[in-house]
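Here the structure is laid out as structure tokens; the discussion comes afterwards.
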Amino acid sequence: MIKKILIANRGEIACRVIKTAKKMGIATVAVYSDADANALHVRQADEAVHIGPAPSSQSYIVIDKILEAIKTTGADAVHPGYGFLSENAAFAQALEKAGVVFIGPPVGAIEAMGDKITSKKLAAKAGVSTVPGHMGLIEDADEAVKIASQIGYPVMIKASAGGGGKGMRIAFNDAEAREGFQSSKNEAKSSFGDDRIFIEKFVTQPRHIEIQVLGDKHGNILYLGERECSIQRRNQKVIEEAPSPFLDEATRHAMGEQAVALASAVGYHSAGTVEFIVDGERNFYFLEMNTRLQVEHPVTELVTGVDLVEQMIRVASGEKLSFGQADVKLNGWAIESRLYAEDPYRNFLPSIGRLTRYRPPQEGAQENGTVIRNDTGVFEGGEISMYYDPMIAKLCSWGKDRTTAIHAMGEALDRFEVEGIGHNLPFLSAVMQHERFRSGRLTTGFIAEEFPEGFSGVEPDEAAARKLSAIAAIINQRLQNRAVEISGTIGNHRRIVGGDWVVSFGAFRHGVSVETGADGTAVRFEDGMALTIDTGWRPGQSLGLFTVAGEVIAAKVDLAGAAVRLRWRGMDVLARVRSPRVAELALLMPEKLPPDTSKLLLCPMPGVITGISVGEGDEVEAGQALATVEAMKMENILRAEKRGRVVRVAAKPGDSLAVDEVILEFE
């Protein structure tokens, strides 16, 4: 058995591997860059080795530095995690040459499946259904446009060595094909050091469903069901689940058999994933094979009971699989939500900074029979860096069926506290409550179709508004009561707290009275409706549990001056609770308008300017590319919103800018 594992990765997946290695009694070694000196995976490992500067191109993907760390620590095996060197055949070869066990598939499988062009040819030869496309390499943008036109729009432009949604663009016309080719090429070179590009037909209204395979070095290969990964944004998975709400048993079996056939064709062992695009008629087409552990592997573990990291370690040690295909049973339903450091209110742009609060929900079996799991690589007080992937954590829920798992996820998201950076928790909550998601009518276009204007929060309906109003009224009442209990006051001069208030936020304005009787506390609205409310919330608590008319609501509570900010189920309201007279006067106050920034191009995220496409005096048209900003390994093109003339260029390529710093100024 392996004695010491070096994890050639960072963050969440490094912590995940360490967890299983410790369970198996195996020592662990972490590697870290300058930016990760205080990272969680460094703290959790038995040993840690510094490998270079923050950019991954100078640390995590430098093979010689990993080999030196192995030599220094005496590790006899390496787990690559996902990303970085996980699908790098040269790395696997270097380990083999050094006599170090690679906890992954054989070099030949990595080479064959890591190149998307070669993998599609092998898949077709193995009898796996494939998508039509151009399997040769494409030299320049002109050739890309020509090939795309021949295949027929829309097309998917993809990096041959890509993964994780990087180096991918969808093009619906020649202009998008030309621009997408260059952006994909740039991202591929930056992320993988390989800028080869190919093009294939983009299947409209597709589902993204993948099969988990597992094989040993003795020729045994099996599949562990499927994962539905259709909820994506910019080709990056956001929510995954197992099993898929769309597949029937016959399709699941057919996809599983084809996945095993492909794995067998390349002599595969270890854990791997075969990804398919599935249309509305359950026709499926091979997309790619990831010769590594997938980000979303926890949902498979939750429904099968198989620890995939443990199996990878045992297979790498030469052990046979201890179970067969007939032993694989799917039990219940699991959902994974990826918590990203990105601001959904600013078109999901990356967000960096310090986690001033990071309090995940309680993990493990819950009182209602569900299970919560949170795979993470951060901690309260830690920093989110601009150099790496923006994922903070993977929150998972398990239930006896899909509805139960969704409900458990909704409650867990409500209880997840993250402050200090922009994050997508409100958006994940909104998806969990979305009727189309709950009904299982999913495609990879779900987010673009259901949130075409981006995400601006969930607007409460009348029922939700009344619940939030009742909570705000109770919070205000407790704050007022505490304020009058200050010591040292003269008894008969103590201020009397009234029970009548006006709660307002957004378009809602409710007159309420707080009533306390033998049956408890109730908030009565001016139309006569009353909501009973019970809570143990005390001033200073950032998360409150409120039982409103029998429903338990976990709401995040902040005090913003005299207002109460409540966040729940993707809703974010700033409730002002005033006495009737003050509320009447507040209606007469003028509205403060935001500053005019219409003549400025502001940096929408912390990042590095990699290109300025215009100069002073240039006339620009609506939609024209103005500048390019790179953040968290993603390239973002900033475009003109309207016609205008550039009068000042305030930034240059190579500049690191903060949010809302000026890039260009217009006339």
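Ordering of the structure tokens sets the chain letters (A, B, ...), residue numbers begin anew at 1 in every chain, and ligands are numbered from 1 in the order given.
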Wanna dump the region 120-165 of chain A-region 250-258 of chain A contacts at 12 Å for me, each residue with its shortest atom pair and the distance in Å to one decimal, counting only C-alpha atoms, ordered by chain and number, as JSON lines?
```
{"residue": "A:Ala123", "atom": "CA", "partner": "A:Gln258", "partner_atom": "CA", "distance": 8.9}
{"residue": "A:Ala124", "atom": "CA", "partner": "A:Gln258", "partner_atom": "CA", "distance": 10.5}
{"residue": "A:Lys125", "atom": "CA", "partner": "A:Gln258", "partner_atom": "CA", "distance": 11.5}
{"residue": "A:Ala126", "atom": "CA", "partner": "A:Gln258", "partner_atom": "CA", "distance": 8.2}
{"residue": "A:Gly127", "atom": "CA", "partner": "A:Gln258", "partner_atom": "CA", "distance": 7.4}
{"residue": "A:Val128", "atom": "CA", "partner": "A:Gln258", "partner_atom": "CA", "distance": 5.7}
{"residue": "A:Ser129", "atom": "CA", "partner": "A:Gln258", "partner_atom": "CA", "distance": 8.4}
{"residue": "A:Thr130", "atom": "CA", "partner": "A:Gln258", "partner_atom": "CA", "distance": 11.2}
```
Shell of 10 Å around region 590-607 of chain A, only C-alpha atoms, local chain residues under 2 positions omitted, as a CSV table (one decimal) with all heavy atoms, in the first residue's frame:
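The result, written out as selection25.csv:
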```csv
chain,number,residue,atom,x,y,z
A,342,GLU,N,-17.9,35.0,-7.0
A,342,GLU,CA,-18.3,35.8,-8.2
A,342,GLU,C,-19.6,36.5,-7.8
A,342,GLU,O,-20.4,36.0,-7.1
A,342,GLU,CB,-18.5,35.0,-9.4
A,342,GLU,CG,-19.5,33.8,-9.3
A,342,GLU,CD,-19.5,32.9,-10.4
A,342,GLU,OE1,-18.6,32.9,-11.2
A,342,GLU,OE2,-20.5,32.2,-10.6
A,343,ASP,N,-19.7,37.7,-8.3
A,343,ASP,CA,-20.8,38.6,-7.9
A,343,ASP,C,-22.0,38.4,-8.9
A,343,ASP,O,-21.9,38.9,-10.0
A,343,ASP,CB,-20.4,40.0,-7.8
A,343,ASP,CG,-21.4,40.9,-7.1
A,343,ASP,OD1,-22.5,40.5,-7.0
A,343,ASP,OD2,-21.0,42.1,-6.7
A,346,ARG,N,-23.3,41.6,-10.5
A,346,ARG,CA,-22.5,42.3,-11.5
A,346,ARG,C,-22.1,41.3,-12.6
A,346,ARG,O,-21.0,41.1,-13.0
A,346,ARG,CB,-21.2,42.8,-10.8
A,346,ARG,CG,-21.4,43.8,-9.7
A,346,ARG,CD,-20.1,44.1,-9.0
A,346,ARG,NE,-19.2,44.8,-9.9
A,346,ARG,CZ,-19.0,46.1,-9.9
A,346,ARG,NH1,-19.8,46.9,-9.2
A,346,ARG,NH2,-18.2,46.7,-10.7
A,347,ASN,N,-23.2,40.6,-13.1
A,347,ASN,CA,-23.0,39.6,-14.2
A,347,ASN,C,-22.0,38.5,-13.9
A,347,ASN,O,-21.3,38.1,-14.7
A,347,ASN,CB,-22.6,40.4,-15.5
A,347,ASN,CG,-22.9,39.5,-16.7
A,347,ASN,OD1,-23.8,38.6,-16.7
A,347,ASN,ND2,-22.1,39.7,-17.8
A,348,PHE,N,-22.0,38.1,-12.6
A,348,PHE,CA,-21.1,37.0,-12.2
A,348,PHE,C,-19.6,37.2,-12.4
A,348,PHE,O,-18.9,36.3,-12.6
A,348,PHE,CB,-21.6,35.7,-12.9
A,348,PHE,CG,-22.9,35.3,-12.6
A,348,PHE,CD1,-24.0,35.6,-13.4
A,348,PHE,CD2,-23.2,34.5,-11.5
A,348,PHE,CE1,-25.3,35.3,-13.1
A,348,PHE,CE2,-24.5,34.1,-11.2
A,348,PHE,CZ,-25.6,34.5,-12.0
A,349,LEU,N,-19.2,38.5,-12.3
A,349,LEU,CA,-17.8,38.8,-12.5
A,349,LEU,C,-17.0,38.3,-11.2
A,349,LEU,O,-17.6,38.3,-10.1
A,349,LEU,CB,-17.6,40.3,-12.7
A,349,LEU,CG,-18.1,40.8,-14.0
A,349,LEU,CD1,-18.1,42.3,-14.1
A,349,LEU,CD2,-17.4,40.1,-15.2
A,350,PRO,N,-15.8,37.9,-11.4
A,350,PRO,CA,-15.0,37.4,-10.3
A,350,PRO,C,-14.9,38.4,-9.1
A,350,PRO,O,-14.8,39.6,-9.4
A,350,PRO,CB,-13.6,37.1,-10.9
A,350,PRO,CG,-13.9,36.8,-12.4
A,350,PRO,CD,-15.1,37.8,-12.7
A,351,SER,N,-14.8,37.9,-7.9
A,351,SER,CA,-14.6,38.7,-6.8
A,351,SER,C,-13.5,38.2,-5.9
A,351,SER,O,-13.4,37.0,-5.7
A,351,SER,CB,-15.9,38.7,-6.0
A,351,SER,OG,-15.8,39.5,-4.8
A,352,ILE,N,-12.7,39.0,-5.5
A,352,ILE,CA,-11.6,38.6,-4.6
A,352,ILE,C,-11.6,39.4,-3.3
A,352,ILE,O,-12.2,40.4,-3.2
A,352,ILE,CB,-10.2,38.8,-5.3
A,352,ILE,CG1,-9.9,40.2,-5.6
A,352,ILE,CG2,-10.1,37.9,-6.6
A,352,ILE,CD1,-8.5,40.5,-6.1
A,353,GLY,N,-10.8,38.9,-2.3
A,353,GLY,CA,-10.8,39.6,-1.1
A,353,GLY,C,-10.7,38.6,0.1
A,353,GLY,O,-10.6,37.4,-0.1
A,386,MET,N,-6.8,36.2,-6.9
A,386,MET,CA,-7.2,36.4,-8.3
A,386,MET,C,-6.5,35.4,-9.2
A,386,MET,O,-6.7,35.3,-10.4
A,386,MET,CB,-6.8,37.8,-8.7
A,386,MET,CG,-5.3,38.1,-8.7
A,386,MET,SD,-4.9,39.7,-9.3
A,386,MET,CE,-5.2,39.6,-11.0
A,387,TYR,N,-5.5,34.6,-8.6
A,387,TYR,CA,-4.7,33.7,-9.5
A,387,TYR,C,-5.3,32.4,-9.8
A,387,TYR,O,-4.9,31.7,-10.7
A,387,TYR,CB,-3.4,33.5,-8.8
A,387,TYR,CG,-2.5,34.8,-8.7
A,387,TYR,CD1,-2.5,35.4,-7.5
A,387,TYR,CD2,-1.9,35.3,-9.8
A,387,TYR,CE1,-1.7,36.6,-7.3
A,387,TYR,CE2,-1.1,36.4,-9.7
A,387,TYR,CZ,-1.0,37.1,-8.4
A,387,TYR,OH,-0.3,38.2,-8.3
A,586,ALA,N,-41.1,60.2,6.1
A,586,ALA,CA,-40.1,59.6,5.2
A,586,ALA,C,-40.6,59.7,3.8
A,586,ALA,O,-39.8,59.7,2.9
A,586,ALA,CB,-39.8,58.2,5.6
A,587,LEU,N,-41.9,59.6,3.6
A,587,LEU,CA,-42.5,59.7,2.2
A,587,LEU,C,-42.2,61.0,1.5
A,587,LEU,O,-42.2,61.2,0.3
A,587,LEU,CB,-44.0,59.4,2.2
A,587,LEU,CG,-44.4,58.0,2.6
A,587,LEU,CD1,-45.9,57.9,2.7
A,587,LEU,CD2,-43.9,57.0,1.6
A,588,LEU,N,-41.9,62.0,2.3
A,588,LEU,CA,-41.6,63.4,1.8
A,588,LEU,C,-40.1,63.6,1.5
A,588,LEU,O,-39.8,64.7,0.9
A,588,LEU,CB,-42.1,64.4,2.8
A,588,LEU,CG,-43.6,64.3,3.3
A,588,LEU,CD1,-43.9,65.4,4.3
A,588,LEU,CD2,-44.5,64.5,2.1
A,609,ILE,N,-5.4,44.1,-16.9
A,609,ILE,CA,-5.7,44.5,-18.3
A,609,ILE,C,-4.7,43.8,-19.2
A,609,ILE,O,-3.5,43.9,-19.1
A,609,ILE,CB,-5.5,46.0,-18.4
A,609,ILE,CG1,-6.4,46.8,-17.5
A,609,ILE,CG2,-5.8,46.4,-19.9
A,609,ILE,CD1,-7.9,46.6,-17.8
A,610,THR,N,-5.3,43.0,-20.1
A,610,THR,CA,-4.4,42.3,-21.1
A,610,THR,C,-4.5,42.9,-22.5
A,610,THR,O,-3.7,42.5,-23.3
A,610,THR,CB,-4.8,40.8,-21.2
A,610,THR,OG1,-6.2,40.7,-21.5
A,610,THR,CG2,-4.7,40.1,-19.8
A,626,LEU,N,-13.6,47.0,-26.4
A,626,LEU,CA,-12.8,48.1,-26.0
A,626,LEU,C,-11.5,47.7,-25.2
A,626,LEU,O,-10.5,48.2,-25.4
A,626,LEU,CB,-13.7,49.0,-25.1
A,626,LEU,CG,-14.9,49.6,-25.7
A,626,LEU,CD1,-15.7,50.3,-24.6
A,626,LEU,CD2,-14.6,50.4,-26.9
A,627,ALA,N,-11.7,46.7,-24.3
A,627,ALA,CA,-10.6,46.3,-23.5
A,627,ALA,C,-10.8,44.8,-23.1
A,627,ALA,O,-11.9,44.3,-23.1
A,627,ALA,CB,-10.4,47.2,-22.3
A,628,THR,N,-9.7,44.2,-22.7
A,628,THR,CA,-9.8,42.8,-22.2
A,628,THR,C,-9.2,42.7,-20.8
A,628,THR,O,-8.1,43.2,-20.6
A,628,THR,CB,-9.0,41.8,-23.1
A,628,THR,OG1,-9.5,42.0,-24.5
A,628,THR,CG2,-9.2,40.4,-22.7
A,629,VAL,N,-9.9,42.1,-19.9
A,629,VAL,CA,-9.5,41.9,-18.5
A,629,VAL,C,-9.4,40.4,-18.2
A,629,VAL,O,-10.3,39.7,-18.5
A,629,VAL,CB,-10.5,42.6,-17.5
A,629,VAL,CG1,-9.9,42.5,-16.1
A,629,VAL,CG2,-10.6,44.1,-17.9
A,630,GLU,N,-8.3,40.0,-17.6
A,630,GLU,CA,-8.2,38.6,-17.2
A,630,GLU,C,-8.2,38.5,-15.7
A,630,GLU,O,-7.5,39.3,-15.0
A,630,GLU,CB,-6.8,38.1,-17.7
A,630,GLU,CG,-6.7,36.6,-17.4
A,630,GLU,CD,-5.4,36.0,-17.9
A,630,GLU,OE1,-5.1,36.2,-19.1
A,630,GLU,OE2,-4.6,35.4,-17.1
A,631,ALA,N,-9.1,37.6,-15.2
A,631,ALA,CA,-9.2,37.4,-13.8
A,631,ALA,C,-9.6,36.0,-13.5
A,631,ALA,O,-10.4,35.4,-14.2
A,631,ALA,CB,-10.3,38.3,-13.2
A,632,MET,N,-8.9,35.3,-12.5
A,632,MET,CA,-9.2,33.9,-12.2
A,632,MET,C,-9.2,33.0,-13.4
A,632,MET,O,-10.1,32.2,-13.6
A,632,MET,CB,-10.5,33.9,-11.4
A,632,MET,CG,-10.5,34.5,-10.1
A,632,MET,SD,-12.0,34.4,-9.2
A,632,MET,CE,-11.5,34.9,-7.5
A,633,LYS,N,-8.2,33.2,-14.2
A,633,LYS,CA,-7.9,32.3,-15.4
A,633,LYS,C,-9.0,32.5,-16.5
A,633,LYS,O,-9.0,31.7,-17.4
A,633,LYS,CB,-7.8,30.9,-15.0
A,633,LYS,CG,-6.8,30.6,-13.9
A,633,LYS,CD,-6.5,29.1,-13.8
A,633,LYS,CE,-7.6,28.4,-13.2
A,633,LYS,NZ,-7.3,26.9,-12.9
A,634,MET,N,-9.8,33.5,-16.4
A,634,MET,CA,-10.8,33.7,-17.5
A,634,MET,C,-10.6,35.1,-18.1
A,634,MET,O,-10.3,36.1,-17.5
A,634,MET,CB,-12.3,33.7,-16.9
A,634,MET,CG,-12.7,32.3,-16.3
A,634,MET,SD,-12.8,31.0,-17.6
A,634,MET,CE,-14.4,31.5,-18.3
A,635,GLU,N,-10.8,35.1,-19.4
A,635,GLU,CA,-10.6,36.3,-20.2
A,635,GLU,C,-11.9,37.0,-20.4
A,635,GLU,O,-12.9,36.3,-20.9
A,635,GLU,CB,-9.9,36.0,-21.5
A,635,GLU,CG,-9.5,37.2,-22.4
A,635,GLU,CD,-8.7,36.8,-23.6
A,635,GLU,OE1,-9.4,36.5,-24.6
A,635,GLU,OE2,-7.5,36.8,-23.6
A,636,ASN,N,-12.1,38.3,-20.1
A,636,ASN,CA,-13.4,39.0,-20.2
A,636,ASN,C,-13.2,40.2,-21.2
A,636,ASN,O,-12.4,41.0,-20.9
A,636,ASN,CB,-13.8,39.5,-18.9
A,636,ASN,CG,-14.0,38.3,-17.9
A,636,ASN,OD1,-15.0,37.7,-17.8
A,636,ASN,ND2,-12.9,38.0,-17.1
A,638,LEU,N,-14.6,43.6,-22.6
A,638,LEU,CA,-15.5,44.7,-22.3
A,638,LEU,C,-15.8,45.4,-23.6
A,638,LEU,O,-15.0,45.8,-24.4
A,638,LEU,CB,-14.8,45.6,-21.3
A,638,LEU,CG,-14.2,45.0,-20.1
A,638,LEU,CD1,-13.6,46.1,-19.1
A,638,LEU,CD2,-15.2,44.2,-19.3
A,639,ARG,N,-17.2,45.7,-23.7
A,639,ARG,CA,-17.7,46.2,-25.0
A,639,ARG,C,-18.4,47.6,-24.8
A,639,ARG,O,-18.8,47.9,-23.7
A,639,ARG,CB,-18.6,45.3,-25.7
A,639,ARG,CG,-18.0,43.9,-26.0
A,639,ARG,CD,-19.0,43.0,-26.6
A,639,ARG,NE,-18.4,41.7,-26.9
A,639,ARG,CZ,-17.7,41.4,-27.9
A,639,ARG,NH1,-17.4,42.3,-28.8
A,639,ARG,NH2,-17.1,40.2,-28.0
A,640,ALA,N,-18.4,48.4,-25.8
A,640,ALA,CA,-19.1,49.6,-25.8
A,640,ALA,C,-20.6,49.4,-25.7
A,640,ALA,O,-21.2,48.6,-26.4
A,640,ALA,CB,-18.7,50.5,-27.0
A,641,GLU,N,-21.3,50.1,-24.8
A,641,GLU,CA,-22.7,50.0,-24.7
A,641,GLU,C,-23.5,50.9,-25.7
A,641,GLU,O,-24.6,50.7,-26.0
A,641,GLU,CB,-23.2,50.4,-23.3
A,641,GLU,CG,-22.7,49.4,-22.2
A,641,GLU,CD,-23.2,49.8,-20.8
A,641,GLU,OE1,-23.9,50.9,-20.7
A,641,GLU,OE2,-22.9,49.1,-19.9
A,642,LYS,N,-22.7,51.9,-26.2
A,642,LYS,CA,-23.3,52.9,-27.2
A,642,LYS,C,-22.2,53.5,-28.0
A,642,LYS,O,-21.0,53.4,-27.7
A,642,LYS,CB,-24.2,53.9,-26.5
A,642,LYS,CG,-23.4,54.7,-25.5
A,642,LYS,CD,-24.4,55.7,-24.7
A,642,LYS,CE,-23.6,56.5,-23.7
A,642,LYS,NZ,-24.5,57.4,-22.9
A,644,GLY,N,-19.8,56.5,-29.3
A,644,GLY,CA,-19.1,57.5,-28.6
A,644,GLY,C,-17.7,57.7,-29.1
A,644,GLY,O,-17.2,57.1,-30.0
A,645,ARG,N,-16.9,58.7,-28.5
A,645,ARG,CA,-15.6,59.0,-28.8
A,645,ARG,C,-14.7,58.9,-27.6
A,645,ARG,O,-15.0,59.5,-26.5
A,645,ARG,CB,-15.4,60.3,-29.5
A,645,ARG,CG,-14.0,60.6,-30.1
A,645,ARG,CD,-14.1,61.9,-30.9
A,645,ARG,NE,-14.1,63.0,-30.1
A,645,ARG,CZ,-13.0,63.6,-29.5
A,645,ARG,NH1,-11.8,63.2,-29.8
A,645,ARG,NH2,-13.2,64.7,-28.8
A,646,VAL,N,-13.6,58.2,-27.7
A,646,VAL,CA,-12.7,58.1,-26.5
A,646,VAL,C,-11.9,59.4,-26.4
A,646,VAL,O,-11.2,59.8,-27.3
A,646,VAL,CB,-11.7,56.9,-26.8
A,646,VAL,CG1,-10.8,56.7,-25.6
A,646,VAL,CG2,-12.5,55.6,-27.0
A,647,VAL,N,-11.9,59.9,-25.2
A,647,VAL,CA,-11.2,61.1,-24.9
A,647,VAL,C,-10.0,60.9,-24.0
A,647,VAL,O,-9.1,61.7,-23.9
A,647,VAL,CB,-12.1,62.3,-24.3
A,647,VAL,CG1,-13.1,62.7,-25.3
A,647,VAL,CG2,-12.7,61.8,-23.0
A,648,ARG,N,-10.0,59.7,-23.2
A,648,ARG,CA,-8.9,59.4,-22.4
A,648,ARG,C,-8.8,57.9,-22.1
A,648,ARG,O,-9.8,57.2,-21.9
A,648,ARG,CB,-9.1,60.1,-21.0
A,648,ARG,CG,-7.9,59.9,-20.1
A,648,ARG,CD,-8.0,60.9,-18.9
A,648,ARG,NE,-9.0,60.4,-17.9
A,648,ARG,CZ,-8.7,59.7,-16.8
A,648,ARG,NH1,-7.5,59.3,-16.6
A,648,ARG,NH2,-9.7,59.4,-16.0
A,649,VAL,N,-7.5,57.4,-22.2
A,649,VAL,CA,-7.2,56.0,-21.9
A,649,VAL,C,-6.5,56.0,-20.6
A,649,VAL,O,-5.4,56.5,-20.5
A,649,VAL,CB,-6.4,55.4,-23.0
A,649,VAL,CG1,-6.1,53.9,-22.6
A,649,VAL,CG2,-7.1,55.4,-24.4
A,650,ALA,N,-7.1,55.5,-19.6
A,650,ALA,CA,-6.6,55.6,-18.2
A,650,ALA,C,-5.8,54.4,-17.8
A,650,ALA,O,-5.2,54.4,-16.7
A,650,ALA,CB,-7.7,55.9,-17.2
A,651,ALA,N,-5.8,53.4,-18.5
A,651,ALA,CA,-5.1,52.1,-18.2
A,651,ALA,C,-4.4,51.6,-19.4
A,651,ALA,O,-4.6,51.9,-20.5
A,651,ALA,CB,-6.1,51.1,-17.6
A,654,GLY,N,-1.2,45.2,-18.7
A,654,GLY,CA,-0.3,44.9,-17.6
A,654,GLY,C,-0.8,45.5,-16.3
A,654,GLY,O,-0.3,45.1,-15.2
A,655,ASP,N,-1.6,46.5,-16.4
A,655,ASP,CA,-2.1,47.2,-15.1
A,655,ASP,C,-3.0,46.2,-14.4
A,655,ASP,O,-3.9,45.6,-14.9
A,655,ASP,CB,-2.9,48.4,-15.5
A,655,ASP,CG,-1.9,49.6,-15.9
A,655,ASP,OD1,-0.7,49.4,-15.8
A,655,ASP,OD2,-2.4,50.6,-16.3
A,656,SER,N,-2.9,46.2,-13.0
A,656,SER,CA,-3.8,45.5,-12.2
A,656,SER,C,-4.8,46.5,-11.6
A,656,SER,O,-4.4,47.4,-10.9
A,656,SER,CB,-3.0,44.8,-11.0
A,656,SER,OG,-2.2,43.8,-11.5
A,657,LEU,N,-6.1,46.3,-11.9
A,657,LEU,CA,-7.1,47.2,-11.5
A,657,LEU,C,-8.0,46.6,-10.5
A,657,LEU,O,-8.3,45.4,-10.5
A,657,LEU,CB,-7.9,47.7,-12.7
A,657,LEU,CG,-7.1,48.4,-13.8
A,657,LEU,CD1,-8.1,49.0,-14.8
A,657,LEU,CD2,-6.2,49.5,-13.3
A,658,ALA,N,-8.6,47.5,-9.6
A,658,ALA,CA,-9.6,47.1,-8.7
A,658,ALA,C,-11.0,47.3,-9.3
A,658,ALA,O,-11.1,47.9,-10.4
A,658,ALA,CB,-9.5,47.9,-7.4
A,659,VAL,N,-12.0,46.9,-8.6
A,659,VAL,CA,-13.4,47.1,-9.1
A,659,VAL,C,-13.7,48.6,-9.3
A,659,VAL,O,-13.3,49.3,-8.4
A,659,VAL,CB,-14.4,46.4,-8.2
A,659,VAL,CG1,-15.8,46.8,-8.6
A,659,VAL,CG2,-14.2,44.9,-8.2
A,660,ASP,N,-14.2,48.9,-10.4
A,660,ASP,CA,-14.7,50.3,-10.7
A,660,ASP,C,-13.6,51.3,-10.9
A,660,ASP,O,-13.8,52.5,-10.9
A,660,ASP,CB,-15.6,50.8,-9.6
A,660,ASP,CG,-17.0,50.1,-9.6
A,660,ASP,OD1,-17.3,49.6,-10.6
A,660,ASP,OD2,-17.7,50.2,-8.6
A,661,GLU,N,-12.3,50.8,-11.1
A,661,GLU,CA,-11.3,51.8,-11.5
A,661,GLU,C,-11.5,52.1,-13.0
A,661,GLU,O,-12.0,51.3,-13.8
A,661,GLU,CB,-9.9,51.1,-11.4
A,661,GLU,CG,-9.4,51.2,-9.9
A,661,GLU,CD,-7.9,51.1,-9.9
A,661,GLU,OE1,-7.2,52.0,-10.4
A,661,GLU,OE2,-7.4,50.1,-9.3
A,662,VAL,N,-11.2,53.3,-13.4
A,662,VAL,CA,-11.5,53.8,-14.7
A,662,VAL,C,-10.5,53.2,-15.7
A,662,VAL,O,-9.3,53.3,-15.5
A,662,VAL,CB,-11.4,55.4,-14.8
A,662,VAL,CG1,-11.6,55.9,-16.2
A,662,VAL,CG2,-12.5,56.0,-13.9
A,663,ILE,N,-11.0,52.7,-16.9
A,663,ILE,CA,-10.2,52.2,-18.0
A,663,ILE,C,-10.2,53.3,-19.1
A,663,ILE,O,-9.2,53.6,-19.6
A,663,ILE,CB,-10.7,50.9,-18.5
A,663,ILE,CG1,-10.7,49.8,-17.3
A,663,ILE,CG2,-9.9,50.4,-19.7
A,663,ILE,CD1,-11.3,48.5,-17.7
A,664,LEU,N,-11.4,53.7,-19.5
A,664,LEU,CA,-11.6,54.7,-20.6
A,664,LEU,C,-12.6,55.7,-20.2
A,664,LEU,O,-13.5,55.5,-19.4
A,664,LEU,CB,-12.1,54.0,-21.9
A,664,LEU,CG,-11.3,52.8,-22.5
A,664,LEU,CD1,-12.0,52.2,-23.6
A,664,LEU,CD2,-9.9,53.3,-22.9
A,665,GLU,N,-12.4,56.9,-20.8
A,665,GLU,CA,-13.3,58.0,-20.6
A,665,GLU,C,-13.8,58.4,-21.9
A,665,GLU,O,-13.0,58.6,-22.9
A,665,GLU,CB,-12.7,59.1,-19.8
A,665,GLU,CG,-13.7,60.3,-19.5
A,665,GLU,CD,-13.0,61.4,-18.7
A,665,GLU,OE1,-12.0,61.1,-18.1
A,665,GLU,OE2,-13.6,62.5,-18.6
A,666,PHE,N,-15.1,58.7,-22.1
A,666,PHE,CA,-15.7,59.1,-23.4
A,666,PHE,C,-16.2,60.5,-23.3
A,666,PHE,O,-16.5,61.1,-22.3
A,666,PHE,CB,-16.9,58.1,-23.7
A,666,PHE,CG,-16.5,56.7,-23.8
A,666,PHE,CD1,-16.7,55.8,-22.7
A,666,PHE,CD2,-16.0,56.1,-24.9
A,666,PHE,CE1,-16.3,54.5,-22.7
A,666,PHE,CE2,-15.7,54.8,-25.0
A,666,PHE,CZ,-15.8,54.0,-23.9
A,667,GLU,N,-16.4,61.0,-24.5
A,667,GLU,CA,-16.8,62.4,-24.7
A,667,GLU,C,-18.3,62.6,-24.2
A,667,GLU,O,-19.1,61.7,-24.5
A,667,GLU,CB,-16.7,62.8,-26.1
A,667,GLU,CG,-16.9,64.3,-26.4
A,667,GLU,CD,-16.6,64.6,-27.9
A,667,GLU,OE1,-17.3,64.0,-28.7
A,667,GLU,OE2,-15.7,65.4,-28.1
```
Self-check item: Counting only C-alpha atoms, the option among A:Trp568, A:Phe286, A:Phe102, A:Phe525 closest to Ser317 (chain A)
Solution: A:Phe102
Quiz item: So which residues touch region 400-417 of chain A within 10 Å, counting only C-alpha atoms, skipping near sequence neighbours fewer than 4 positions away, as a PyMOL selection string?
Solution: chain A and resi 241-245+303+331-337+339+357-363+366+368-374+395-396+425-426+428-433+437-440+542-545+552-556+567-570
Quiz item: Could you name the residues that touch Gly511 (chain A) at 6 Å or less, counting only C-alpha atoms, but leaving out those on the same chain fewer than 3 positions away, as a list of chain:residue names?
Solution: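 The filter keeps A:Trp501, A:Val502, A:Phe525, A:Glu526.
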Quick one: write out the picked residues with N, CA and C atoms as a PDB file, in the first residue's frame?
```
ATOM      1  N   TRP A 501     -46.042  49.778  13.966  1.00  0.00           N
ATOM      2  CA  TRP A 501     -44.921  50.124  13.102  1.00  0.00           C
ATOM      3  C   TRP A 501     -45.351  50.079  11.643  1.00  0.00           C
ATOM      4  N   VAL A 502     -44.527  50.685  10.807  1.00  0.00           N
ATOM      5  CA  VAL A 502     -44.697  50.575   9.357  1.00  0.00           C
ATOM      6  C   VAL A 502     -43.408  49.973   8.803  1.00  0.00           C
ATOM      7  N   PHE A 525     -51.215  42.489  10.616  1.00  0.00           N
ATOM      8  CA  PHE A 525     -51.156  43.483   9.551  1.00  0.00           C
ATOM      9  C   PHE A 525     -52.414  44.341   9.565  1.00  0.00           C
ATOM     10  N   GLU A 526     -52.327  45.504   8.915  1.00  0.00           N
ATOM     11  CA  GLU A 526     -53.433  46.460   8.962  1.00  0.00           C
ATOM     12  C   GLU A 526     -54.710  45.930   8.324  1.00  0.00           C
TER      13      GLU A 526
END
```
